[in-house]
Amino acid sequence: MFILRRPHLARHLRFSRSYRGVSAAAVRQDAALWTQAPLSLVESAAESLFHISIDISDAPDLVSSYTRPGQYLQLRVPDVEKPSFLAIASPPSFAASSGAFEFLVKSIAGSTAEILCGLKKGEIVELSSVMGNGFDVDQIDPPEEYSTVLIFATGSGISPIRSLIETGFGADRRSDVRLYYGARNLKRMAYQEKFKEWESSGVKVVPVLSQPDDGWRGETGYVQAAFARAKQVADPSATGVVLCGQRQMAEEITAMLVADGVSNEKMLKNF
């Protein structure tokens with residue numbers, strides 16, 4: 001997920017317009033294809049990261065347009081013209097059953113994201129239609145033919161990876177599914193409470209900390225370095241890859257795996 005920085009936003013940080021009394025019935029889709037919807041949850045997920053949930057129960061077209069993990073949309077906050085692009089963290093089935101989109105948002109000083117993370121439950125934001133093709137998991141199906149899937153995420157890039165894992169891609173029918181998830185330290189690593197659930201679905205979670213606290217005994221450094229130490233790609237022709245996060249990480253992982261014989265067509269990205 002990438003957050004677009006917004007200059008000259010200081011005046012918006014004092015934004016005080018209250019929508020706490022607005023219910024889901026206030027959701028509407030205007031002629032410009034922007035849907036107004038109330039926030040249903042804003043809470044800390046990790047240091048500088050926030051769980052954001054948006055009620056879209058009265059926007060069925062928006063709900064139905066989210067069909068594949070890795071898709072994203074644009075989000076606008078009041079009085080800020082340019083939107084931010086946010087990958088949807090919750091799986092499509094959650095939107096259908098709960099009428100909500102969930103996001104993992106990094107609060108960056110001076111950005112639209114900082115304003116969003118400072119809003120309260122009930123306040124209104126605007127959402128574009130769902131965009132992008134998401135992760136084309138068909139490229140690494142059936143599981144019996146692609147027994148290895150290597151997943152790489154850094155920071156808030158874990159957001160669409162959560163959607164992928166919780167949607168399911170046959171991880172329990174593959175022999176080697178690894179998630180290398182990088183963050184500065186554990187305080188900056190979101191979704192730790194989900195790791196056991198992900199592991200039980202067949203995904204081995206490998207946390208990688210670039211600046212760990214004393215006592216950390218897991219992988220250290222950057223994600224690409226941690227993977228280079230492990231490698232263990234048994235059959236490149238039976239390997240799929242999913243990438244989301246820092247560009248340098250994605251480029252280095254791609255180069256490493258292509259050199260080992262993994263097809264570029266089997267490397268899935270959401271942007």
# chains A, B, ... in the order shown; residues from 1 in each chain; ligands from 1
$ residues_around --residues "Val177 of chain A" --least-positions-apart "5" --cutoff "12 Å" --atoms "only C-alpha atoms" --output "MDAnalysis selection string"
chainID A and resid 143 146:152 165 169:172 198:206 232:233 238:242
$ residues_around --residues "Gly218 of chain A" --least-positions-apart "3" --cutoff "12 Å" --atoms "only C-alpha atoms" --output "NGL selection string"
:A and (180-182 or 185-186 or 205-215 or 221 or 226)
$ write_last_selection --atoms "C-alpha atoms" --output "mmCIF file, in the first residue's frame"
data_model
loop_
_atom_site.group_PDB
_atom_site.id
_atom_site.type_symbol
_atom_site.label_atom_id
_atom_site.label_comp_id
_atom_site.auth_asym_id
_atom_site.auth_seq_id
_atom_site.Cartn_x
_atom_site.Cartn_y
_atom_site.Cartn_z
ATOM 1 C CA TYR A 180 8.307 -13.216 5.071
ATOM 2 C CA TYR A 181 6.929 -10.155 6.864
ATOM 3 C CA GLY A 182 9.283 -7.268 7.557
ATOM 4 C CA ASN A 185 10.489 -4.036 15.367
ATOM 5 C CA LEU A 186 7.590 -5.873 16.972
ATOM 6 C CA VAL A 205 4.906 -16.846 9.152
ATOM 7 C CA VAL A 206 8.524 -15.612 9.263
ATOM 8 C CA PRO A 207 8.733 -12.201 11.006
ATOM 9 C CA VAL A 208 11.843 -10.236 9.985
ATOM 10 C CA LEU A 209 12.918 -7.244 12.115
ATOM 11 C CA SER A 210 15.401 -4.674 10.823
ATOM 12 C CA GLN A 211 15.955 -3.027 14.232
ATOM 13 C CA PRO A 212 14.890 -5.628 16.805
ATOM 14 C CA ASP A 213 14.859 -5.133 20.528
ATOM 15 C CA ASP A 214 17.250 -7.029 22.748
ATOM 16 C CA GLY A 215 16.159 -10.610 23.194
ATOM 17 C CA GLY A 221 17.744 -7.401 8.705
ATOM 18 C CA ALA A 226 16.400 -13.172 5.374
#
$ closest_residue --among "A:Glu145, A:Glu102, A:Glu47, A:Asp136" --to "Arg173 of chain A" --atoms "only C-alpha atoms"
A:Glu145
$ select_by_dssp --residues "segment 53-265 of chain A" --states "strand (DSSP E)" --output "ChimeraX atom specification"
/A:53-55,72-76,84-87,100-106,124-127,148-154,176-183,204-209,219-220,239-244
$ residues_around --residues "Leu75 of chain A" --least-positions-apart "3" --cutoff "9 Å" --atoms "only C-alpha atoms" --output "list in words"
Trp34, Lys82, Pro83, Ser84, Phe85, Leu86, Val125, Glu126, Leu127 and Ser128 of chain A
$ write_last_selection --atoms "C-alpha atoms" --output "compact mmCIF listing (two decimals), in the first residue's frame"
# COMPACT_ATOMS: atom_id res chain seq x y z
CA TRP A 34 -17.68 8.66 -4.96
CA LYS A 82 -6.62 14.57 -3.73
CA PRO A 83 -7.30 11.05 -2.47
CA SER A 84 -5.05 8.36 -1.05
CA PHE A 85 -4.81 4.88 -2.51
CA LEU A 86 -5.49 2.12 0.03
CA VAL A 125 -15.11 9.75 4.22
CA GLU A 126 -15.53 9.21 0.49
CA LEU A 127 -14.59 6.05 -1.38
CA SER A 128 -14.02 5.51 -5.08
$ select_by_dssp --residues "segment 139-233 of chain A" --states "alpha helix (DSSP H)" --output "ChimeraX atom specification"
/A:158-167,195-200,223-230
$ atom_distance --atom1 "atom CA of Tyr72 of chain A" --atom2 "atom CA of Val137 of chain A"
16.3 Å
$ closest_residue --among "A:Glu197, A:Asp260, A:Glu43, A:Asp55" --to "Lys120 of chain A" --atoms "only C-alpha atoms"
A:Glu43
$ residues_around --residues "Ala259 of chain A" --least-positions-apart "5" --cutoff "12 Å" --atoms "only C-alpha atoms" --output "tab-separated table (two decimals) with all heavy atoms, in the first residue's frame"
chain	number	residue	atom	x	y	z
A	233	VAL	N	14.36	-23.26	-2.36
A	233	VAL	CA	13.32	-23.39	-3.40
A	233	VAL	C	13.57	-24.72	-4.11
A	233	VAL	O	14.49	-24.85	-4.92
A	233	VAL	CB	13.37	-22.21	-4.39
A	233	VAL	CG1	12.33	-22.40	-5.48
A	233	VAL	CG2	13.14	-20.90	-3.65
A	236	PRO	N	11.86	-24.53	-8.93
A	236	PRO	CA	11.45	-23.20	-9.42
A	236	PRO	C	10.23	-23.23	-10.33
A	236	PRO	O	9.42	-22.30	-10.32
A	236	PRO	CB	12.69	-22.72	-10.19
A	236	PRO	CG	13.83	-23.44	-9.55
A	236	PRO	CD	13.28	-24.80	-9.20
A	252	GLU	N	14.52	-6.72	-5.61
A	252	GLU	CA	15.61	-7.64	-5.26
A	252	GLU	C	15.12	-9.08	-5.16
A	252	GLU	O	15.80	-10.01	-5.60
A	252	GLU	CB	16.28	-7.19	-3.96
A	252	GLU	CG	17.06	-5.88	-4.11
A	252	GLU	CD	17.80	-5.48	-2.84
A	252	GLU	OE1	17.93	-6.33	-1.93
A	252	GLU	OE2	18.25	-4.32	-2.76
A	253	ILE	N	13.94	-9.27	-4.58
A	253	ILE	CA	13.37	-10.62	-4.50
A	253	ILE	C	13.10	-11.16	-5.91
A	253	ILE	O	13.42	-12.32	-6.22
A	253	ILE	CB	12.08	-10.62	-3.67
A	253	ILE	CG1	12.38	-10.36	-2.19
A	253	ILE	CG2	11.31	-11.91	-3.86
A	253	ILE	CD1	13.08	-11.49	-1.49
A	254	THR	N	12.53	-10.32	-6.76
A	254	THR	CA	12.23	-10.73	-8.13
A	254	THR	C	13.49	-11.15	-8.86
A	254	THR	O	13.55	-12.22	-9.50
A	254	THR	CB	11.52	-9.60	-8.89
A	254	THR	OG1	10.28	-9.30	-8.25
A	254	THR	CG2	11.26	-10.00	-10.34
A	264	ASN	N	8.64	-15.10	-14.18
A	264	ASN	CA	8.08	-13.78	-13.85
A	264	ASN	C	6.57	-13.80	-13.84
A	264	ASN	O	5.92	-13.05	-13.12
A	264	ASN	CB	8.58	-12.75	-14.87
A	264	ASN	CG	9.38	-11.64	-14.22
A	264	ASN	OD1	9.02	-11.16	-13.14
A	264	ASN	ND2	10.45	-11.23	-14.87
$ atom_distance --atom1 "atom CA of Ala37 of chain A" --atom2 "atom CA of Ala190 of chain A"
24.8 Å
$ residues_around --residues "Phe103 of chain A" --least-positions-apart "6" --cutoff "9 Å" --atoms "only C-alpha atoms" --output "PyMOL selection string"
chain A and resi 50-54+86-90+159-160
$ atom_distance --atom1 "atom CA of Ile108 of chain A" --atom2 "atom CA of Val42 of chain A"
15.6 Å
$ closest_residue --among "A:Leu49, A:Val130, A:Gln192, A:Met249" --to "Cys117 of chain A" --atoms "only C-alpha atoms"
A:Leu49
$ closest_residue --among "A:Ser237, A:Ser129, A:Gln246, A:Thr154" --to "Val63 of chain A" --atoms "only C-alpha atoms"
A:Ser129
$ decode --residues "segment 204-233 of chain A" --atoms "N, CA and C atoms" --output "compact mmCIF listing (two decimals), in the first residue's frame"
# COMPACT_ATOMS: atom_id res chain seq x y z
N LYS A 204 3.35 -20.58 6.82
CA LYS A 204 4.40 -20.38 7.83
C LYS A 204 4.79 -18.91 7.87
N VAL A 205 4.62 -18.27 9.01
CA VAL A 205 4.91 -16.85 9.15
C VAL A 205 6.34 -16.67 9.65
N VAL A 206 7.13 -15.89 8.90
CA VAL A 206 8.52 -15.61 9.26
C VAL A 206 8.67 -14.10 9.49
N PRO A 207 8.53 -13.63 10.73
CA PRO A 207 8.73 -12.20 11.01
C PRO A 207 10.21 -11.85 10.83
N VAL A 208 10.47 -10.70 10.21
CA VAL A 208 11.84 -10.24 9.98
C VAL A 208 11.94 -8.80 10.50
N LEU A 209 12.80 -8.56 11.48
CA LEU A 209 12.92 -7.24 12.11
C LEU A 209 14.25 -6.60 11.75
N SER A 210 14.17 -5.36 11.23
CA SER A 210 15.40 -4.67 10.82
C SER A 210 16.11 -4.02 12.00
N GLN A 211 15.36 -3.63 13.04
CA GLN A 211 15.95 -3.03 14.23
C GLN A 211 15.31 -3.65 15.47
N PRO A 212 15.58 -4.93 15.71
CA PRO A 212 14.89 -5.63 16.81
C PRO A 212 15.36 -5.17 18.18
N ASP A 213 14.50 -5.38 19.14
CA ASP A 213 14.86 -5.13 20.53
C ASP A 213 15.75 -6.26 21.02
N ASP A 214 16.42 -5.99 22.14
CA ASP A 214 17.25 -7.03 22.75
C ASP A 214 16.38 -8.24 23.09
N GLY A 215 16.91 -9.40 22.87
CA GLY A 215 16.16 -10.61 23.19
C GLY A 215 15.49 -11.25 22.01
N TRP A 216 15.40 -10.54 20.87
CA TRP A 216 14.79 -11.11 19.68
C TRP A 216 15.67 -12.22 19.13
N ARG A 217 15.09 -13.37 18.88
CA ARG A 217 15.84 -14.53 18.40
C ARG A 217 15.41 -14.96 17.00
N GLY A 218 14.55 -14.18 16.39
CA GLY A 218 14.10 -14.52 15.04
C GLY A 218 14.97 -13.92 13.96
N GLU A 219 14.43 -13.85 12.75
CA GLU A 219 15.17 -13.31 11.62
C GLU A 219 15.38 -11.80 11.77
N THR A 220 16.54 -11.32 11.32
CA THR A 220 16.88 -9.90 11.42
C THR A 220 17.32 -9.37 10.06
N GLY A 221 17.35 -8.05 9.95
CA GLY A 221 17.74 -7.40 8.70
C GLY A 221 16.54 -7.13 7.83
N TYR A 222 16.76 -7.14 6.53
CA TYR A 222 15.67 -6.91 5.60
C TYR A 222 15.11 -8.24 5.08
N VAL A 223 13.89 -8.18 4.60
CA VAL A 223 13.19 -9.37 4.14
C VAL A 223 14.01 -10.12 3.08
N GLN A 224 14.54 -9.39 2.10
CA GLN A 224 15.27 -10.04 1.02
C GLN A 224 16.53 -10.74 1.53
N ALA A 225 17.17 -10.17 2.55
CA ALA A 225 18.35 -10.82 3.11
C ALA A 225 17.97 -12.07 3.88
N ALA A 226 16.87 -12.00 4.62
CA ALA A 226 16.40 -13.17 5.37
C ALA A 226 16.06 -14.31 4.42
N PHE A 227 15.41 -13.97 3.31
CA PHE A 227 15.08 -15.02 2.34
C PHE A 227 16.33 -15.58 1.69
N ALA A 228 17.30 -14.72 1.37
CA ALA A 228 18.54 -15.18 0.74
C ALA A 228 19.27 -16.17 1.63
N ARG A 229 19.17 -16.00 2.93
CA ARG A 229 19.81 -16.93 3.85
C ARG A 229 19.11 -18.28 3.86
N ALA A 230 17.81 -18.26 3.65
CA ALA A 230 17.02 -19.50 3.73
C ALA A 230 16.89 -20.18 2.37
N LYS A 231 16.49 -19.40 1.36
CA LYS A 231 16.25 -19.89 -0.01
C LYS A 231 15.41 -21.17 0.01
N GLN A 232 16.00 -22.30 -0.21
CA GLN A 232 15.31 -23.59 -0.17
C GLN A 232 14.10 -23.63 -1.13
N VAL A 233 14.36 -23.26 -2.36
CA VAL A 233 13.32 -23.39 -3.40
C VAL A 233 13.57 -24.72 -4.11
